[in-house]
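Structure record follows, encoded as structure tokens.
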Amino acid sequence: MSELSDIETAERQICVKCGALIAKEHRFCKSCGARQSAEKPEESDNKWALFKQVAFFYSIYIGVCGLVSFTHIFNTILLFVSVEVVLAGTAVAFFAYNWAENKKLLVWRNFSWQKLAAYGAIAVAGSFLVHYSVGWLNVTIFSRDEQYYSIFAGTKGAAFYIVFFTAVTPALFEELAFRGYLLQTLLKIADTEQAVYVSAFLFAIIHLSFISLFWLIPFALFIGFVRIKENTFWYGVFFHFCFNLTGCLFAWL
Amino acid sequence: MENALPVPPIEKCAHCYAEIKNDDVYCTNCGYPLQGTEFEQKSFIANLQVIGIDMAEYNKKVRAAANTLYYLSGVFILSGIINFFILKDNADVLAIVIPTFILAMLFLLLGSYCPKKPLACLVSGLALYIIVQVINAFDSPMSLAKGIIIKIFIIGYLIKGIKSAIELEKMKKENNII
């Protein structure tokens with residue numbers, strides 16, 4: 001559509017087949033009968049291929065997260081950091097694979113302090129809500145984080161590492177993976193709404209805790225829609241950071 | 001040679017009854033060849049019927065996948081109830097049974113929203129099912145082999161459903177069906 005923008009006026013379009021000038025709302029050309037579809041056919045042909053790529057990406061996440069959650073072999077700092085590096089590397093690799101298109105997400109147009117503060121406040125409030133409701137449910141939500149504390153306990157600068165690995169790296173790399181690569185690819189397969197739902201659900205269940213889904217799904221849906229609305233992934237990163245930092249401080253203090 | 005039969009003034013498309021202008025060669029709403037030969041008009045309708053048959057086939061596969069989600073929901077409800085009665089005296093009974101019921105509820109929700117958002121529900125359902133299998137496998141590796149044929153069928157139905165849902169959305173877009 002974009003290449004037509006300089007020719008078409010408000011209520012006219014050019015037929016995709018014969019080039020006749022036709023009304024914009026017409027779904028078929030009145031002189032050649034061609035369908036005026038918004039989508040180029042070659043784009044829809046590789047949806048299945050894209051789906052398989054997403055499946056490959058997600059399998060890596062399932063495998064690594066499963067190993068971390070259900071085995072206790074990653075109990076030294078070196079192994080723990082190497083898991084983080086593998087996940088971050090996966091996120092970066094898949095994101096960079098379609099760099100030409102994905103790089104526009106990293107642009108932060110219309111930066112606004114008010115919005116940033118508002119999202120931060122929602123994140124902190126949400127984290128409080130989750131903390132107390134989860135406490136009420138008597139479930140340890142940051143079960144993976146507790147592992148962090150035991151790993152880093154007694155290390156010099158433990159506080160720094162804990163904040164770094166519970167708030168900074170997840171915010172950055174989970175966002176890059178799920179709101180960056182995954183959502184961006186799903187948008188090419190499905191419509192916006194379905195793409196956000198799928199990315200949110202996949203993000204929520206990768207945490208491998210079914211009771212935590214009650215807050216993970218709304219959390220991921222919120223960030224997904226923020227990402228679509230603001231067209232940048234940085235608000236999501238900040239939101240995620242504030243949320244995790246609050247949770248981390250709760251567990252710590 | 002065609003001027004032996006003057007074209008009568010047309011106001012509505014003979015196929016979709018949308019309003020049209022006299023000089024339109026094709027209907028701007030459905031693409032029907034208004035001034036085409038009888039053969040062209042008939043093959044236009046036949047073509048639409050072929051698309052309809054294809055879509056019905058894909059819809060059938062999506063429905064089968066949705067039924068698979070309902071089936072999974074039923075299986076988890078059943079196993080939750082059975083586990084509850086087996087482990088009734090165990091202190092951790094709720095920790096085992098509640099996740100099972102959450103799973104059952106999730107599959108039920110995904111199944112019931114499947115007609116509305118087929119792609120989203122089926123992809124979510126497949127991912128959830130695979131994650132459950134992975135969790136069980138970490139718990140006891142032998143559980144993967146248990147009922148392997150049924151598992152393959154479930155995954156097969158879901159994948160076929162996803163493929164069909166992708167095709168359906170593509171067809172809807174390409175054919176301008178809203």
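The chains in the structure tokens are called A, B, ... from first to last as shown; in each chain the residues are counted from 1, and the ligands are counted from 1 in the order shown.
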Near chain B, meaning an atom within 10 Å, which residues of chain A appear when counting only C-alpha atoms? Write them as a PDB file with N, CA and C atoms, in the first residue's frame.
ATOM      1  N   ILE A  22     -10.087   3.499  -8.977  1.00  0.00           N
ATOM      2  CA  ILE A  22     -11.372   3.049  -8.445  1.00  0.00           C
ATOM      3  C   ILE A  22     -11.573   3.593  -7.037  1.00  0.00           C
ATOM      4  N   ALA A  23     -12.830   3.539  -6.594  1.00  0.00           N
ATOM      5  CA  ALA A  23     -13.143   4.058  -5.263  1.00  0.00           C
ATOM      6  C   ALA A  23     -12.456   3.210  -4.198  1.00  0.00           C
ATOM      7  N   GLU A  25     -13.351   2.283  -1.230  1.00  0.00           N
ATOM      8  CA  GLU A  25     -14.108   1.274  -0.472  1.00  0.00           C
ATOM      9  C   GLU A  25     -14.459   0.054  -1.320  1.00  0.00           C
ATOM     10  N   HIS A  26     -14.200   0.126  -2.627  1.00  0.00           N
ATOM     11  CA  HIS A  26     -14.540  -1.015  -3.475  1.00  0.00           C
ATOM     12  C   HIS A  26     -13.587  -2.175  -3.226  1.00  0.00           C
ATOM     13  N   ARG A  27     -14.183  -3.363  -3.068  1.00  0.00           N
ATOM     14  CA  ARG A  27     -13.355  -4.522  -2.780  1.00  0.00           C
ATOM     15  C   ARG A  27     -12.885  -5.204  -4.057  1.00  0.00           C
ATOM     16  N   PHE A  28     -13.596  -4.902  -5.151  1.00  0.00           N
ATOM     17  CA  PHE A  28     -13.226  -5.483  -6.448  1.00  0.00           C
ATOM     18  C   PHE A  28     -13.153  -4.355  -7.470  1.00  0.00           C
ATOM     19  N   CYS A  29     -12.236  -4.506  -8.432  1.00  0.00           N
ATOM     20  CA  CYS A  29     -12.117  -3.487  -9.481  1.00  0.00           C
ATOM     21  C   CYS A  29     -13.328  -3.566 -10.391  1.00  0.00           C
ATOM     22  N   LYS A  30     -13.904  -2.387 -10.726  1.00  0.00           N
ATOM     23  CA  LYS A  30     -15.113  -2.425 -11.542  1.00  0.00           C
ATOM     24  C   LYS A  30     -14.798  -2.733 -13.005  1.00  0.00           C
ATOM     25  N   SER A  31     -13.546  -2.542 -13.436  1.00  0.00           N
ATOM     26  CA  SER A  31     -13.291  -2.804 -14.845  1.00  0.00           C
ATOM     27  C   SER A  31     -12.562  -4.110 -15.133  1.00  0.00           C
ATOM     28  N   CYS A  32     -11.828  -4.682 -14.144  1.00  0.00           N
ATOM     29  CA  CYS A  32     -11.200  -5.978 -14.432  1.00  0.00           C
ATOM     30  C   CYS A  32     -11.609  -7.064 -13.451  1.00  0.00           C
ATOM     31  N   GLY A  33     -12.293  -6.712 -12.372  1.00  0.00           N
ATOM     32  CA  GLY A  33     -12.812  -7.707 -11.444  1.00  0.00           C
ATOM     33  C   GLY A  33     -11.798  -8.224 -10.445  1.00  0.00           C
ATOM     34  N   ALA A  34     -10.566  -7.639 -10.441  1.00  0.00           N
ATOM     35  CA  ALA A  34      -9.531  -8.155  -9.538  1.00  0.00           C
ATOM     36  C   ALA A  34      -9.845  -7.776  -8.092  1.00  0.00           C
ATOM     37  N   ARG A  35      -9.532  -8.688  -7.178  1.00  0.00           N
ATOM     38  CA  ARG A  35      -9.735  -8.405  -5.755  1.00  0.00           C
ATOM     39  C   ARG A  35      -8.697  -7.384  -5.291  1.00  0.00           C
ATOM     40  N   GLN A  36      -9.160  -6.436  -4.508  1.00  0.00           N
ATOM     41  CA  GLN A  36      -8.246  -5.419  -3.997  1.00  0.00           C
ATOM     42  C   GLN A  36      -7.826  -5.816  -2.597  1.00  0.00           C
ATOM     43  N   SER A  37      -6.981  -6.853  -2.499  1.00  0.00           N
ATOM     44  CA  SER A  37      -6.657  -7.263  -1.128  1.00  0.00           C
ATOM     45  C   SER A  37      -5.509  -6.441  -0.586  1.00  0.00           C
ATOM     46  N   ALA A  38      -5.594  -6.229   0.716  1.00  0.00           N
ATOM     47  CA  ALA A  38      -4.616  -5.365   1.370  1.00  0.00           C
ATOM     48  C   ALA A  38      -3.268  -6.058   1.464  1.00  0.00           C
ATOM     49  N   GLU A  39      -3.304  -7.395   1.467  1.00  0.00           N
ATOM     50  CA  GLU A  39      -2.098  -8.148   1.722  1.00  0.00           C
ATOM     51  C   GLU A  39      -1.493  -8.635   0.415  1.00  0.00           C
ATOM     52  N   LYS A  40      -0.194  -8.551   0.330  1.00  0.00           N
ATOM     53  CA  LYS A  40       0.448  -9.093  -0.867  1.00  0.00           C
ATOM     54  C   LYS A  40       0.500 -10.607  -0.724  1.00  0.00           C
ATOM     55  N   PRO A  41       0.186 -11.333  -1.805  1.00  0.00           N
ATOM     56  CA  PRO A  41       0.104 -12.789  -1.682  1.00  0.00           C
ATOM     57  C   PRO A  41       1.396 -13.435  -1.209  1.00  0.00           C
ATOM     58  N   GLU A  43       3.435 -12.546   0.923  1.00  0.00           N
ATOM     59  CA  GLU A  43       3.626 -12.437   2.362  1.00  0.00           C
ATOM     60  C   GLU A  43       2.861 -13.523   3.108  1.00  0.00           C
ATOM     61  N   SER A  44       1.687 -13.875   2.590  1.00  0.00           N
ATOM     62  CA  SER A  44       0.876 -14.847   3.314  1.00  0.00           C
ATOM     63  C   SER A  44       1.358 -16.272   3.066  1.00  0.00           C
ATOM     64  N   ASP A  45       2.178 -16.470   2.036  1.00  0.00           N
ATOM     65  CA  ASP A  45       2.605 -17.822   1.722  1.00  0.00           C
ATOM     66  C   ASP A  45       3.562 -18.405   2.751  1.00  0.00           C
ATOM     67  N   LYS A  47       3.565 -18.006   6.003  1.00  0.00           N
ATOM     68  CA  LYS A  47       3.088 -17.986   7.388  1.00  0.00           C
ATOM     69  C   LYS A  47       3.423 -19.272   8.121  1.00  0.00           C
ATOM     70  N   TRP A  48       3.274 -20.380   7.413  1.00  0.00           N
ATOM     71  CA  TRP A  48       3.560 -21.669   8.048  1.00  0.00           C
ATOM     72  C   TRP A  48       5.035 -21.767   8.395  1.00  0.00           C
ATOM     73  N   PHE A  51       5.618 -19.802  11.388  1.00  0.00           N
ATOM     74  CA  PHE A  51       5.108 -20.513  12.564  1.00  0.00           C
ATOM     75  C   PHE A  51       6.136 -21.528  13.064  1.00  0.00           C
ATOM     76  N   ALA A  55       8.039 -21.856  16.593  1.00  0.00           N
ATOM     77  CA  ALA A  55       8.040 -23.097  17.366  1.00  0.00           C
ATOM     78  C   ALA A  55       9.466 -23.472  17.770  1.00  0.00           C
ATOM     79  N   TYR A  58      10.581 -21.170  20.532  1.00  0.00           N
ATOM     80  CA  TYR A  58       9.918 -21.456  21.800  1.00  0.00           C
ATOM     81  C   TYR A  58      10.423 -22.767  22.403  1.00  0.00           C
ATOM     82  N   SER A  59      10.768 -23.727  21.526  1.00  0.00           N
ATOM     83  CA  SER A  59      11.297 -25.001  22.033  1.00  0.00           C
ATOM     84  C   SER A  59      12.592 -24.777  22.803  1.00  0.00           C
ATOM     85  N   ILE A  62      11.547 -23.538  26.147  1.00  0.00           N
ATOM     86  CA  ILE A  62      10.962 -24.597  26.985  1.00  0.00           C
ATOM     87  C   ILE A  62      12.080 -25.481  27.537  1.00  0.00           C
ATOM     88  N   GLY A  63      12.995 -25.873  26.653  1.00  0.00           N
ATOM     89  CA  GLY A  63      14.077 -26.764  27.073  1.00  0.00           C
ATOM     90  C   GLY A  63      14.910 -26.146  28.180  1.00  0.00           C
ATOM     91  N   GLY A  66      12.880 -25.459  31.397  1.00  0.00           N
ATOM     92  CA  GLY A  66      12.571 -26.734  32.051  1.00  0.00           C
ATOM     93  C   GLY A  66      13.774 -27.249  32.820  1.00  0.00           C
ATOM     94  N   LEU A  67      14.929 -27.209  32.173  1.00  0.00           N
ATOM     95  CA  LEU A  67      16.155 -27.667  32.835  1.00  0.00           C
ATOM     96  C   LEU A  67      16.433 -26.864  34.101  1.00  0.00           C
ATOM     97  N   SER A  69      14.266 -25.099  35.930  1.00  0.00           N
ATOM     98  CA  SER A  69      13.246 -25.206  36.973  1.00  0.00           C
ATOM     99  C   SER A  69      13.197 -26.577  37.626  1.00  0.00           C
ATOM    100  N   PHE A  70      13.463 -27.623  36.840  1.00  0.00           N
ATOM    101  CA  PHE A  70      13.202 -28.960  37.380  1.00  0.00           C
ATOM    102  C   PHE A  70      14.448 -29.772  37.694  1.00  0.00           C
ATOM    103  N   THR A  71      15.607 -29.243  37.322  1.00  0.00           N
ATOM    104  CA  THR A  71      16.816 -29.904  37.772  1.00  0.00           C
ATOM    105  C   THR A  71      17.580 -28.868  38.587  1.00  0.00           C
ATOM    106  N   VAL A 139       1.648 -19.079  48.155  1.00  0.00           N
ATOM    107  CA  VAL A 139       2.473 -19.684  47.114  1.00  0.00           C
ATOM    108  C   VAL A 139       3.706 -18.821  46.950  1.00  0.00           C
ATOM    109  N   LEU A 186       4.589 -13.026  15.211  1.00  0.00           N
ATOM    110  CA  LEU A 186       3.185 -13.439  15.249  1.00  0.00           C
ATOM    111  C   LEU A 186       2.299 -12.438  14.525  1.00  0.00           C
ATOM    112  N   ILE A 189       1.743 -13.478  11.207  1.00  0.00           N
ATOM    113  CA  ILE A 189       0.965 -14.706  11.029  1.00  0.00           C
ATOM    114  C   ILE A 189      -0.517 -14.442  11.293  1.00  0.00           C
ATOM    115  N   ALA A 190      -0.796 -13.702  12.352  1.00  0.00           N
ATOM    116  CA  ALA A 190      -2.194 -13.489  12.749  1.00  0.00           C
ATOM    117  C   ALA A 190      -2.481 -11.998  12.868  1.00  0.00           C
ATOM    118  N   ASP A 191      -3.745 -11.672  13.154  1.00  0.00           N
ATOM    119  CA  ASP A 191      -4.085 -10.265  13.346  1.00  0.00           C
ATOM    120  C   ASP A 191      -3.534  -9.796  14.694  1.00  0.00           C
ATOM    121  N   GLU A 193      -4.731  -8.604  17.501  1.00  0.00           N
ATOM    122  CA  GLU A 193      -5.299  -9.085  18.753  1.00  0.00           C
ATOM    123  C   GLU A 193      -4.802 -10.498  19.070  1.00  0.00           C
ATOM    124  N   GLN A 194      -4.910 -11.383  18.078  1.00  0.00           N
ATOM    125  CA  GLN A 194      -4.509 -12.776  18.301  1.00  0.00           C
ATOM    126  C   GLN A 194      -3.012 -12.872  18.571  1.00  0.00           C
ATOM    127  N   ALA A 195      -2.221 -12.039  17.882  1.00  0.00           N
ATOM    128  CA  ALA A 195      -0.772 -12.070  18.088  1.00  0.00           C
ATOM    129  C   ALA A 195      -0.440 -11.697  19.531  1.00  0.00           C
ATOM    130  N   VAL A 196      -1.119 -10.662  20.061  1.00  0.00           N
ATOM    131  CA  VAL A 196      -0.858 -10.250  21.451  1.00  0.00           C
ATOM    132  C   VAL A 196      -1.287 -11.356  22.412  1.00  0.00           C
ATOM    133  N   TYR A 197      -2.456 -11.954  22.154  1.00  0.00           N
ATOM    134  CA  TYR A 197      -2.925 -13.036  23.039  1.00  0.00           C
ATOM    135  C   TYR A 197      -1.918 -14.181  23.072  1.00  0.00           C
ATOM    136  N   VAL A 198      -1.498 -14.612  21.879  1.00  0.00           N
ATOM    137  CA  VAL A 198      -0.592 -15.767  21.824  1.00  0.00           C
ATOM    138  C   VAL A 198       0.726 -15.432  22.520  1.00  0.00           C
ATOM    139  N   SER A 199       1.287 -14.250  22.230  1.00  0.00           N
ATOM    140  CA  SER A 199       2.585 -13.924  22.836  1.00  0.00           C
ATOM    141  C   SER A 199       2.444 -13.841  24.351  1.00  0.00           C
ATOM    142  N   ALA A 200       1.312 -13.316  24.826  1.00  0.00           N
ATOM    143  CA  ALA A 200       1.109 -13.207  26.274  1.00  0.00           C
ATOM    144  C   ALA A 200       0.975 -14.586  26.906  1.00  0.00           C
ATOM    145  N   PHE A 201       0.223 -15.451  26.252  1.00  0.00           N
ATOM    146  CA  PHE A 201       0.003 -16.783  26.819  1.00  0.00           C
ATOM    147  C   PHE A 201       1.308 -17.577  26.836  1.00  0.00           C
ATOM    148  N   LEU A 202       2.051 -17.505  25.729  1.00  0.00           N
ATOM    149  CA  LEU A 202       3.317 -18.244  25.668  1.00  0.00           C
ATOM    150  C   LEU A 202       4.290 -17.713  26.704  1.00  0.00           C
ATOM    151  N   ILE A 205       3.073 -19.069  30.237  1.00  0.00           N
ATOM    152  CA  ILE A 205       3.246 -20.482  30.587  1.00  0.00           C
ATOM    153  C   ILE A 205       4.715 -20.895  30.595  1.00  0.00           C
ATOM    154  N   ILE A 206       5.606 -20.100  30.006  1.00  0.00           N
ATOM    155  CA  ILE A 206       7.018 -20.468  30.034  1.00  0.00           C
ATOM    156  C   ILE A 206       7.566 -20.357  31.459  1.00  0.00           C
ATOM    157  N   LEU A 208       6.324 -21.780  33.850  1.00  0.00           N
ATOM    158  CA  LEU A 208       6.146 -23.145  34.369  1.00  0.00           C
ATOM    159  C   LEU A 208       5.528 -23.176  35.765  1.00  0.00           C
ATOM    160  N   SER A 209       4.676 -22.212  36.052  1.00  0.00           N
ATOM    161  CA  SER A 209       3.964 -22.231  37.321  1.00  0.00           C
ATOM    162  C   SER A 209       2.507 -21.902  37.029  1.00  0.00           C
ATOM    163  N   PHE A 210       1.646 -22.913  37.139  1.00  0.00           N
ATOM    164  CA  PHE A 210       0.274 -22.710  36.678  1.00  0.00           C
ATOM    165  C   PHE A 210      -0.516 -21.802  37.595  1.00  0.00           C
ATOM    166  N   ILE A 211      -0.119 -21.745  38.871  1.00  0.00           N
ATOM    167  CA  ILE A 211      -0.866 -20.878  39.773  1.00  0.00           C
ATOM    168  C   ILE A 211      -0.533 -19.414  39.496  1.00  0.00           C
ATOM    169  N   LEU A 213      -0.202 -18.098  36.748  1.00  0.00           N
ATOM    170  CA  LEU A 213      -0.790 -17.622  35.490  1.00  0.00           C
ATOM    171  C   LEU A 213      -1.799 -16.503  35.733  1.00  0.00           C
ATOM    172  N   PHE A 214      -2.432 -16.519  36.913  1.00  0.00           N
ATOM    173  CA  PHE A 214      -3.499 -15.537  37.148  1.00  0.00           C
ATOM    174  C   PHE A 214      -2.985 -14.104  37.090  1.00  0.00           C
TER     175      PHE A 214
END
DSSP on the backbone, helix (DSSP H, G or I) only: what residues of chain B does that give? Format it as a PyMOL selection string. chain B and resi 2-4+38-86+93-113+118-139+141-144+148-174
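Distance check against Lys103 of chain A using only C-alpha atoms: of A:Gln184, A:Gln53, A:Phe225, A:Leu78, the minimum falls on A:Gln184.
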Mind the document's chain letters and residue numbers, and return as a list in words the residues of segment 2-163 of chain B that DSSP labels strand (DSSP E or B). Lys12, Glu19, Tyr26 and Pro33 of chain B
Interatomic distance, atom CA of Cys15 of chain A to atom CA of Leu168 of chain B (Å, one decimal):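 Computing it gives 24.4 Å between the two atoms.
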